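Q: File start-v4.pdb below, PDB, N, CA and C atoms:
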ATOM      1  N   HIS A   1    -215.291   5.975 -13.425
ATOM      2  CA  HIS A   1    -216.722   5.802 -13.479
ATOM      3  C   HIS A   1    -217.366   6.839 -14.395
ATOM      4  N   GLY A   2    -216.954   8.071 -14.264
ATOM      5  CA  GLY A   2    -217.521   9.120 -15.113
ATOM      6  C   GLY A   2    -217.267   8.874 -16.581
ATOM      7  N   THR A   3    -216.088   8.348 -16.917
ATOM      8  CA  THR A   3    -215.769   8.030 -18.304
ATOM      9  C   THR A   3    -216.675   6.919 -18.817
ATOM     10  N   HIS A   4    -216.938   5.938 -17.982
ATOM     11  CA  HIS A   4    -217.832   4.839 -18.355
ATOM     12  C   HIS A   4    -219.235   5.371 -18.642
ATOM     13  N   VAL A   5    -219.758   6.187 -17.750
ATOM     14  CA  VAL A   5    -221.094   6.750 -17.931
ATOM     15  C   VAL A   5    -221.141   7.608 -19.192
ATOM     16  N   THR A   6    -220.116   8.399 -19.407
ATOM     17  CA  THR A   6    -220.046   9.251 -20.589
ATOM     18  C   THR A   6    -220.059   8.428 -21.868
ATOM     19  N   GLY A   7    -219.347   7.313 -21.862
ATOM     20  CA  GLY A   7    -219.327   6.442 -23.032
ATOM     21  C   GLY A   7    -220.693   5.868 -23.346
ATOM     22  N   ILE A   8    -221.446   5.515 -22.334
ATOM     23  CA  ILE A   8    -222.800   4.991 -22.543
ATOM     24  C   ILE A   8    -223.698   6.081 -23.131
ATOM     25  N   ILE A   9    -223.561   7.272 -22.659
ATOM     26  CA  ILE A   9    -224.411   8.366 -23.119
ATOM     27  C   ILE A   9    -224.014   8.819 -24.526
ATOM     28  N   GLY A  10    -222.733   9.023 -24.734
ATOM     29  CA  GLY A  10    -222.299   9.697 -25.952
ATOM     30  C   GLY A  10    -221.708   8.840 -27.043
ATOM     31  N   ALA A  11    -221.744   7.513 -26.914
ATOM     32  CA  ALA A  11    -221.167   6.665 -27.958
ATOM     33  C   ALA A  11    -221.882   6.907 -29.285
ATOM     34  N   GLU A  12    -221.113   6.877 -30.369
ATOM     35  CA  GLU A  12    -221.701   7.060 -31.697
ATOM     36  C   GLU A  12    -222.705   5.948 -31.973
ATOM     37  N   ARG A  13    -223.814   6.312 -32.540
ATOM     38  CA  ARG A  13    -224.899   5.351 -32.780
ATOM     39  C   ARG A  13    -224.840   4.805 -34.204
ATOM     40  N   ASN A  14    -225.291   3.565 -34.324
ATOM     41  CA  ASN A  14    -225.497   2.925 -35.622
ATOM     42  C   ASN A  14    -224.261   2.883 -36.511
ATOM     43  N   ASN A  15    -223.089   2.716 -35.915
ATOM     44  CA  ASN A  15    -221.877   2.614 -36.729
ATOM     45  C   ASN A  15    -221.361   1.177 -36.817
ATOM     46  N   GLY A  16    -222.057   0.235 -36.162
ATOM     47  CA  GLY A  16    -221.668  -1.164 -36.219
ATOM     48  C   GLY A  16    -220.460  -1.515 -35.373
ATOM     49  N   ILE A  17    -219.989  -0.575 -34.559
ATOM     50  CA  ILE A  17    -218.815  -0.806 -33.704
ATOM     51  C   ILE A  17    -219.233  -0.583 -32.258
ATOM     52  N   GLY A  18    -219.046  -1.553 -31.429
ATOM     53  CA  GLY A  18    -219.322  -1.385 -30.003
ATOM     54  C   GLY A  18    -220.776  -1.115 -29.712
ATOM     55  N   ILE A  19    -221.014  -0.266 -28.738
ATOM     56  CA  ILE A  19    -222.382   0.012 -28.298
ATOM     57  C   ILE A  19    -222.931   1.241 -29.013
ATOM     58  N   ASP A  20    -224.247   1.401 -28.937
ATOM     59  CA  ASP A  20    -224.904   2.617 -29.397
ATOM     60  C   ASP A  20    -225.126   3.514 -28.197
ATOM     61  N   GLY A  21    -224.828   4.790 -28.343
ATOM     62  CA  GLY A  21    -225.129   5.742 -27.286
ATOM     63  C   GLY A  21    -226.626   5.853 -27.076
ATOM     64  N   VAL A  22    -227.029   6.505 -26.022
ATOM     65  CA  VAL A  22    -228.448   6.571 -25.678
ATOM     66  C   VAL A  22    -229.199   7.672 -26.417
ATOM     67  N   ALA A  23    -228.498   8.576 -27.080
ATOM     68  CA  ALA A  23    -229.182   9.669 -27.768
ATOM     69  C   ALA A  23    -228.346  10.143 -28.952
ATOM     70  N   ASN A  24    -229.021  10.728 -29.928
ATOM     71  CA  ASN A  24    -228.337  11.325 -31.072
ATOM     72  C   ASN A  24    -227.883  12.744 -30.723
ATOM     73  N   ALA A  25    -226.838  13.192 -31.379
ATOM     74  CA  ALA A  25    -226.380  14.585 -31.284
ATOM     75  C   ALA A  25    -226.149  15.043 -29.844
ATOM     76  N   VAL A  26    -225.505  14.210 -29.061
ATOM     77  CA  VAL A  26    -225.210  14.553 -27.677
ATOM     78  C   VAL A  26    -224.001  15.487 -27.620
ATOM     79  N   LYS A  27    -224.091  16.489 -26.786
ATOM     80  CA  LYS A  27    -222.947  17.346 -26.485
ATOM     81  C   LYS A  27    -222.600  17.098 -25.027
ATOM     82  N   LEU A  28    -221.313  16.904 -24.758
ATOM     83  CA  LEU A  28    -220.873  16.595 -23.401
ATOM     84  C   LEU A  28    -220.036  17.731 -22.835
ATOM     85  N   MET A  29    -220.230  18.019 -21.567
ATOM     86  CA  MET A  29    -219.420  18.975 -20.830
ATOM     87  C   MET A  29    -218.798  18.185 -19.679
ATOM     88  N   ILE A  30    -217.517  17.966 -19.750
ATOM     89  CA  ILE A  30    -216.834  17.153 -18.750
ATOM     90  C   ILE A  30    -216.274  18.062 -17.660
ATOM     91  N   LEU A  31    -216.693  17.824 -16.432
ATOM     92  CA  LEU A  31    -216.183  18.571 -15.281
ATOM     93  C   LEU A  31    -215.674  17.574 -14.255
ATOM     94  N   ARG A  32    -214.446  17.736 -13.843
ATOM     95  CA  ARG A  32    -213.921  16.887 -12.777
ATOM     96  C   ARG A  32    -214.153  17.606 -11.461
ATOM     97  N   VAL A  33    -215.007  17.012 -10.662
ATOM     98  CA  VAL A  33    -215.401  17.620  -9.394
ATOM     99  C   VAL A  33    -214.769  16.893  -8.219
ATOM    100  N   VAL A  34    -214.538  15.607  -8.393
ATOM    101  CA  VAL A  34    -214.042  14.785  -7.293
ATOM    102  C   VAL A  34    -212.527  14.637  -7.415
ATOM    103  N   PRO A  35    -211.777  15.162  -6.452
ATOM    104  CA  PRO A  35    -210.339  14.935  -6.469
ATOM    105  C   PRO A  35    -210.043  13.497  -6.041
ATOM    106  N   ASP A  36    -208.818  13.153  -5.902
ATOM    107  CA  ASP A  36    -208.494  11.833  -5.369
ATOM    108  C   ASP A  36    -208.965  11.799  -3.922
ATOM    109  N   GLY A  37    -210.010  11.050  -3.684
ATOM    110  CA  GLY A  37    -210.609  10.995  -2.349
ATOM    111  C   GLY A  37    -212.040  11.454  -2.399
ATOM    112  N   ASP A  38    -212.487  12.117  -1.351
ATOM    113  CA  ASP A  38    -213.878  12.547  -1.230
ATOM    114  C   ASP A  38    -214.063  13.917  -1.873
ATOM    115  N   GLU A  39    -215.247  14.130  -2.460
ATOM    116  CA  GLU A  39    -215.540  15.431  -3.050
ATOM    117  C   GLU A  39    -215.910  16.424  -1.948
ATOM    118  N   TYR A  40    -215.671  17.681  -2.242
ATOM    119  CA  TYR A  40    -216.001  18.749  -1.303
ATOM    120  C   TYR A  40    -217.311  19.398  -1.724
ATOM    121  N   ASP A  41    -218.144  19.735  -0.760
ATOM    122  CA  ASP A  41    -219.427  20.346  -1.049
ATOM    123  C   ASP A  41    -219.276  21.608  -1.889
ATOM    124  N   LYS A  42    -218.274  22.409  -1.605
ATOM    125  CA  LYS A  42    -218.035  23.640  -2.359
ATOM    126  C   LYS A  42    -217.813  23.326  -3.828
ATOM    127  N   ASP A  43    -217.008  22.306  -4.123
ATOM    128  CA  ASP A  43    -216.707  21.948  -5.510
ATOM    129  C   ASP A  43    -217.935  21.416  -6.232
ATOM    130  N   VAL A  44    -218.729  20.619  -5.550
ATOM    131  CA  VAL A  44    -219.966  20.091  -6.138
ATOM    132  C   VAL A  44    -220.912  21.253  -6.464
ATOM    133  N   ALA A  45    -221.112  22.138  -5.518
ATOM    134  CA  ALA A  45    -222.020  23.266  -5.714
ATOM    135  C   ALA A  45    -221.549  24.166  -6.852
ATOM    136  N   LEU A  46    -220.266  24.478  -6.876
ATOM    137  CA  LEU A  46    -219.740  25.338  -7.938
ATOM    138  C   LEU A  46    -219.826  24.671  -9.303
ATOM    139  N   ALA A  47    -219.604  23.370  -9.364
ATOM    140  CA  ALA A  47    -219.684  22.650 -10.639
ATOM    141  C   ALA A  47    -221.123  22.628 -11.166
ATOM    142  N   ILE A  48    -222.086  22.427 -10.284
ATOM    143  CA  ILE A  48    -223.490  22.449 -10.711
ATOM    144  C   ILE A  48    -223.820  23.811 -11.305
ATOM    145  N   ARG A  49    -223.456  24.859 -10.601
ATOM    146  CA  ARG A  49    -223.742  26.210 -11.095
ATOM    147  C   ARG A  49    -223.016  26.494 -12.415
ATOM    148  N   TYR A  50    -221.766  26.064 -12.520
ATOM    149  CA  TYR A  50    -221.001  26.264 -13.755
ATOM    150  C   TYR A  50    -221.686  25.557 -14.916
ATOM    151  N   ALA A  51    -222.079  24.307 -14.703
ATOM    152  CA  ALA A  51    -222.725  23.538 -15.766
ATOM    153  C   ALA A  51    -224.025  24.208 -16.207
ATOM    154  N   VAL A  52    -224.837  24.630 -15.245
ATOM    155  CA  VAL A  52    -226.098  25.305 -15.572
ATOM    156  C   VAL A  52    -225.822  26.575 -16.368
ATOM    157  N   ASP A  53    -224.887  27.382 -15.894
ATOM    158  CA  ASP A  53    -224.587  28.659 -16.542
ATOM    159  C   ASP A  53    -223.975  28.489 -17.931
ATOM    160  N   ASN A  54    -223.469  27.293 -18.225
ATOM    161  CA  ASN A  54    -222.824  27.050 -19.513
ATOM    162  C   ASN A  54    -223.633  26.102 -20.401
ATOM    163  N   GLY A  55    -224.929  26.002 -20.139
ATOM    164  CA  GLY A  55    -225.833  25.353 -21.062
ATOM    165  C   GLY A  55    -226.214  23.916 -20.803
ATOM    166  N   ALA A  56    -225.812  23.340 -19.690
ATOM    167  CA  ALA A  56    -226.195  21.954 -19.408
ATOM    168  C   ALA A  56    -227.709  21.847 -19.278
ATOM    169  N   LYS A  57    -228.245  20.762 -19.817
ATOM    170  CA  LYS A  57    -229.673  20.469 -19.684
ATOM    171  C   LYS A  57    -229.892  19.294 -18.730
ATOM    172  N   VAL A  58    -228.888  18.410 -18.648
ATOM    173  CA  VAL A  58    -228.909  17.255 -17.753
ATOM    174  C   VAL A  58    -227.544  17.198 -17.082
ATOM    175  N   ILE A  59    -227.508  16.978 -15.781
ATOM    176  CA  ILE A  59    -226.249  16.850 -15.050
ATOM    177  C   ILE A  59    -226.213  15.477 -14.395
ATOM    178  N   ASN A  60    -225.213  14.681 -14.766
ATOM    179  CA  ASN A  60    -224.990  13.381 -14.145
ATOM    180  C   ASN A  60    -224.059  13.586 -12.958
ATOM    181  N   MET A  61    -224.520  13.232 -11.786
ATOM    182  CA  MET A  61    -223.711  13.398 -10.582
ATOM    183  C   MET A  61    -223.299  12.016 -10.087
ATOM    184  N   SER A  62    -222.301  11.454 -10.755
ATOM    185  CA  SER A  62    -221.839  10.093 -10.441
ATOM    186  C   SER A  62    -220.836  10.119  -9.291
ATOM    187  N   PHE A  63    -221.336  10.355  -8.129
ATOM    188  CA  PHE A  63    -220.502  10.311  -6.933
ATOM    189  C   PHE A  63    -221.414  10.053  -5.749
ATOM    190  N   GLY A  64    -220.831   9.721  -4.662
ATOM    191  CA  GLY A  64    -221.619   9.502  -3.466
ATOM    192  C   GLY A  64    -220.787   9.811  -2.241
ATOM    193  N   LYS A  65    -221.427  10.256  -1.230
ATOM    194  CA  LYS A  65    -220.731  10.520   0.019
ATOM    195  C   LYS A  65    -221.703  10.337   1.176
ATOM    196  N   SER A  66    -221.164  10.030   2.295
ATOM    197  CA  SER A  66    -222.030   9.733   3.435
ATOM    198  C   SER A  66    -222.356  10.961   4.280
ATOM    199  N   PHE A  67    -221.558  12.029   4.152
ATOM    200  CA  PHE A  67    -221.769  13.197   4.998
ATOM    201  C   PHE A  67    -221.370  14.447   4.242
ATOM    202  N   SER A  68    -222.192  15.468   4.289
ATOM    203  CA  SER A  68    -221.914  16.759   3.657
ATOM    204  C   SER A  68    -221.897  17.836   4.720
ATOM    205  N   PRO A  69    -220.737  18.291   5.133
ATOM    206  CA  PRO A  69    -220.682  19.305   6.190
ATOM    207  C   PRO A  69    -221.284  20.646   5.770
ATOM    208  N   GLU A  70    -221.292  20.929   4.462
ATOM    209  CA  GLU A  70    -221.866  22.187   3.969
ATOM    210  C   GLU A  70    -223.007  21.884   2.995
ATOM    211  N   LYS A  71    -223.918  21.007   3.402
ATOM    212  CA  LYS A  71    -225.018  20.552   2.557
ATOM    213  C   LYS A  71    -225.826  21.713   1.985
ATOM    214  N   ARG A  72    -225.949  22.782   2.714
ATOM    215  CA  ARG A  72    -226.754  23.919   2.246
ATOM    216  C   ARG A  72    -226.212  24.504   0.945
ATOM    217  N   TRP A  73    -224.867  24.429   0.731
ATOM    218  CA  TRP A  73    -224.285  24.923  -0.519
ATOM    219  C   TRP A  73    -224.764  24.077  -1.698
ATOM    220  N   VAL A  74    -224.754  22.761  -1.505
ATOM    221  CA  VAL A  74    -225.200  21.844  -2.561
ATOM    222  C   VAL A  74    -226.705  22.013  -2.775
ATOM    223  N   ASP A  75    -227.469  22.093  -1.706
ATOM    224  CA  ASP A  75    -228.917  22.285  -1.825
ATOM    225  C   ASP A  75    -229.240  23.561  -2.604
ATOM    226  N   SER A  76    -228.512  24.614  -2.343
ATOM    227  CA  SER A  76    -228.734  25.871  -3.049
ATOM    228  C   SER A  76    -228.422  25.722  -4.542
ATOM    229  N   ALA A  77    -227.353  25.024  -4.868
ATOM    230  CA  ALA A  77    -226.994  24.806  -6.268
ATOM    231  C   ALA A  77    -228.021  23.921  -6.970
ATOM    232  N   VAL A  78    -228.533  22.914  -6.271
ATOM    233  CA  VAL A  78    -229.575  22.051  -6.836
ATOM    234  C   VAL A  78    -230.827  22.871  -7.116
ATOM    235  N   LYS A  79    -231.215  23.723  -6.188
ATOM    236  CA  LYS A  79    -232.378  24.585  -6.406
ATOM    237  C   LYS A  79    -232.137  25.514  -7.595
ATOM    238  N   TYR A  80    -230.944  26.045  -7.715
ATOM    239  CA  TYR A  80    -230.576  26.906  -8.840
ATOM    240  C   TYR A  80    -230.770  26.155 -10.152
ATOM    241  N   ALA A  81    -230.297  24.915 -10.208
ATOM    242  CA  ALA A  81    -230.452  24.100 -11.418
ATOM    243  C   ALA A  81    -231.927  23.825 -11.702
ATOM    244  N   MET A  82    -232.669  23.493 -10.678
ATOM    245  CA  MET A  82    -234.098  23.216 -10.856
ATOM    246  C   MET A  82    -234.837  24.453 -11.371
ATOM    247  N   ASP A  83    -234.491  25.615 -10.839
ATOM    248  CA  ASP A  83    -235.121  26.860 -11.276
ATOM    249  C   ASP A  83    -234.824  27.163 -12.741
ATOM    250  N   LYS A  84    -233.714  26.628 -13.260
ATOM    251  CA  LYS A  84    -233.325  26.823 -14.666
ATOM    252  C   LYS A  84    -233.752  25.638 -15.530
ATOM    253  N   ASP A  85    -234.584  24.753 -14.975
ATOM    254  CA  ASP A  85    -235.132  23.589 -15.680
ATOM    255  C   ASP A  85    -234.045  22.610 -16.136
ATOM    256  N   VAL A  86    -233.051  22.415 -15.292
ATOM    257  CA  VAL A  86    -231.974  21.454 -15.554
ATOM    258  C   VAL A  86    -232.242  20.200 -14.714
ATOM    259  N   LEU A  87    -232.150  19.056 -15.364
ATOM    260  CA  LEU A  87    -232.383  17.769 -14.697
ATOM    261  C   LEU A  87    -231.083  17.272 -14.085
ATOM    262  N   LEU A  88    -231.108  16.937 -12.807
ATOM    263  CA  LEU A  88    -229.948  16.358 -12.120
ATOM    264  C   LEU A  88    -230.208  14.889 -11.878
ATOM    265  N   ILE A  89    -229.230  14.054 -12.221
ATOM    266  CA  ILE A  89    -229.337  12.621 -12.028
ATOM    267  C   ILE A  89    -228.281  12.215 -10.996
ATOM    268  N   HIS A  90    -228.735  11.593  -9.919
ATOM    269  CA  HIS A  90    -227.819  11.115  -8.890
ATOM    270  C   HIS A  90    -228.286   9.736  -8.479
ATOM    271  N   ALA A  91    -227.601   8.723  -8.975
ATOM    272  CA  ALA A  91    -228.046   7.342  -8.786
ATOM    273  C   ALA A  91    -227.881   6.883  -7.336
ATOM    274  N   ALA A  92    -228.875   6.175  -6.853
ATOM    275  CA  ALA A  92    -228.786   5.575  -5.536
ATOM    276  C   ALA A  92    -227.881   4.348  -5.615
ATOM    277  N   GLY A  93    -227.119   4.117  -4.604
ATOM    278  CA  GLY A  93    -226.251   2.941  -4.564
ATOM    279  C   GLY A  93    -225.013   3.063  -5.417
ATOM    280  N   ASN A  94    -224.673   4.290  -5.783
ATOM    281  CA  ASN A  94    -223.502   4.500  -6.624
ATOM    282  C   ASN A  94    -222.326   4.017  -5.882
TER     283      ASN A  94
END
Would it be possible to restate this file's structure as structure tokens?

A:
Amino acid sequence: HGTHVTGIIGAERNNGIGIDGVANAVKLMILRVVPDGDEYDKDVALAIRYAVDNGAKVINMSFGKSFSPEKRWVDSAVKYAMDKDVLLIHAAGN
């Protein structure tokens, strides 16, 4: 799924082959946060902070889970990103 989303965002534009990406001059930072199975709150929180600290301006969070036992870790990382003016995208119904 992440590869699919990345292709939509970062595909080369106006080359007459396949689709056009959604923006020019996109730089991508690929982080694998979800292991085989469910993601861990610690990994999500650390990945958000890593992305922010390494220059991300938009973070696509293409995952979903029904329960977060350590939700406060993720909430803290989201607040950290917001304080640094980083946009987080987390689609409903993923």

Q: Tell me which of A:Ala25, A:Ala56, A:Ala45, A:Ala51 sits closest to Val78 in chain A, counting all atoms listed in the file.

A: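 Result for the nearest residue to Val78 in chain A: A:Ala45.
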
Q: Evaluate the PyMOL selection byres (((chain A and resi 38 and name CA) around 10) and name CA) and record the selected residues as a ChimeraX atom specification, following the chain and residue labels used in the document.

A: /A:33-37,39-41,63-66

Q: Could you tell me how far atom N of Ile8 in chain A sits from atom N of Lys42 in chain A, in Å to one decimal place?

A: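 Result for atom N of Lys42 in chain A versus atom N of Ile8 in chain A: 26.9 Å, one decimal.
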
Q: For the alpha helix (DSSP H) assignment from backbone DSSP, which residues of chain A qualify? Please present them as an MDAnalysis selection string.

A: chainID A and resid 2:10 41:53 71:83

Q: For Leu87 in chain A, list every protein, DNA or RNA residue within 6.5 Å, evaluated using all atoms listed in the file, and leave out those in the same chain fewer than 5 positions away; present the list as number ranges by chain.

A: A: 57-60, 81-82

Q: Just how far from atom C of Glu12 in chain A is CA of Lys27 in chain A, in Å to one decimal?

A: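 Atom C of Glu12 in chain A lies at a distance of 12.7 Å from CA of Lys27 in chain A.
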
Q: Report as a list in words all protein, DNA and RNA residues lying within 8 Å of Ala77 in chain A, evaluated on only C-alpha atoms, omitting residues in the same chain fewer than 6 positions from it.

A: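 Final neighbour list, sorted by chain and number: Ala45, Leu46, Ile48 and Arg49 of chain A.
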
Q: For a test of reading the model, state the distance in Å between atom C of Asp85 in chain A and CA of Met61 in chain A, rounded to one decimal.

A: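 Separation between atom C of Asp85 in chain A and CA of Met61 in chain A: 14.9 Å.
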
Q: Residues within 8 Å of Gly21 in chain A, please, as a JSON list (two decimals) with N, CA and C atoms, in the frame of the given file. Count only C-alpha atoms; anything in the same chain fewer than 6 positions from it doesn't count.

A:
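Saved the output as result26.json:
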[["chain", "number", "residue", "atom", "x", "y", "z"],
["A", 7, "GLY", "N", -219.35, 7.31, -21.86],
["A", 7, "GLY", "CA", -219.33, 6.44, -23.03],
["A", 7, "GLY", "C", -220.69, 5.87, -23.35],
["A", 8, "ILE", "N", -221.45, 5.52, -22.33],
["A", 8, "ILE", "CA", -222.80, 4.99, -22.54],
["A", 8, "ILE", "C", -223.70, 6.08, -23.13],
["A", 9, "ILE", "N", -223.56, 7.27, -22.66],
["A", 9, "ILE", "CA", -224.41, 8.37, -23.12],
["A", 9, "ILE", "C", -224.01, 8.82, -24.53],
["A", 10, "GLY", "N", -222.73, 9.02, -24.73],
["A", 10, "GLY", "CA", -222.30, 9.70, -25.95],
["A", 10, "GLY", "C", -221.71, 8.84, -27.04],
["A", 11, "ALA", "N", -221.74, 7.51, -26.91],
["A", 11, "ALA", "CA", -221.17, 6.66, -27.96],
["A", 11, "ALA", "C", -221.88, 6.91, -29.28],
["A", 12, "GLU", "N", -221.11, 6.88, -30.37],
["A", 12, "GLU", "CA", -221.70, 7.06, -31.70],
["A", 12, "GLU", "C", -222.70, 5.95, -31.97],
["A", 13, "ARG", "N", -223.81, 6.31, -32.54],
["A", 13, "ARG", "CA", -224.90, 5.35, -32.78],
["A", 13, "ARG", "C", -224.84, 4.80, -34.20]]

Q: Run DSSP on the backbone and tell me which residues of chain A come out as strand (DSSP E); list them as a list in words.

A: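 After running DSSP on the backbone, chain A has strand (DSSP E) at Val58, Ile59, Asn60, Leu87, Leu88 and Ile89 of chain A.
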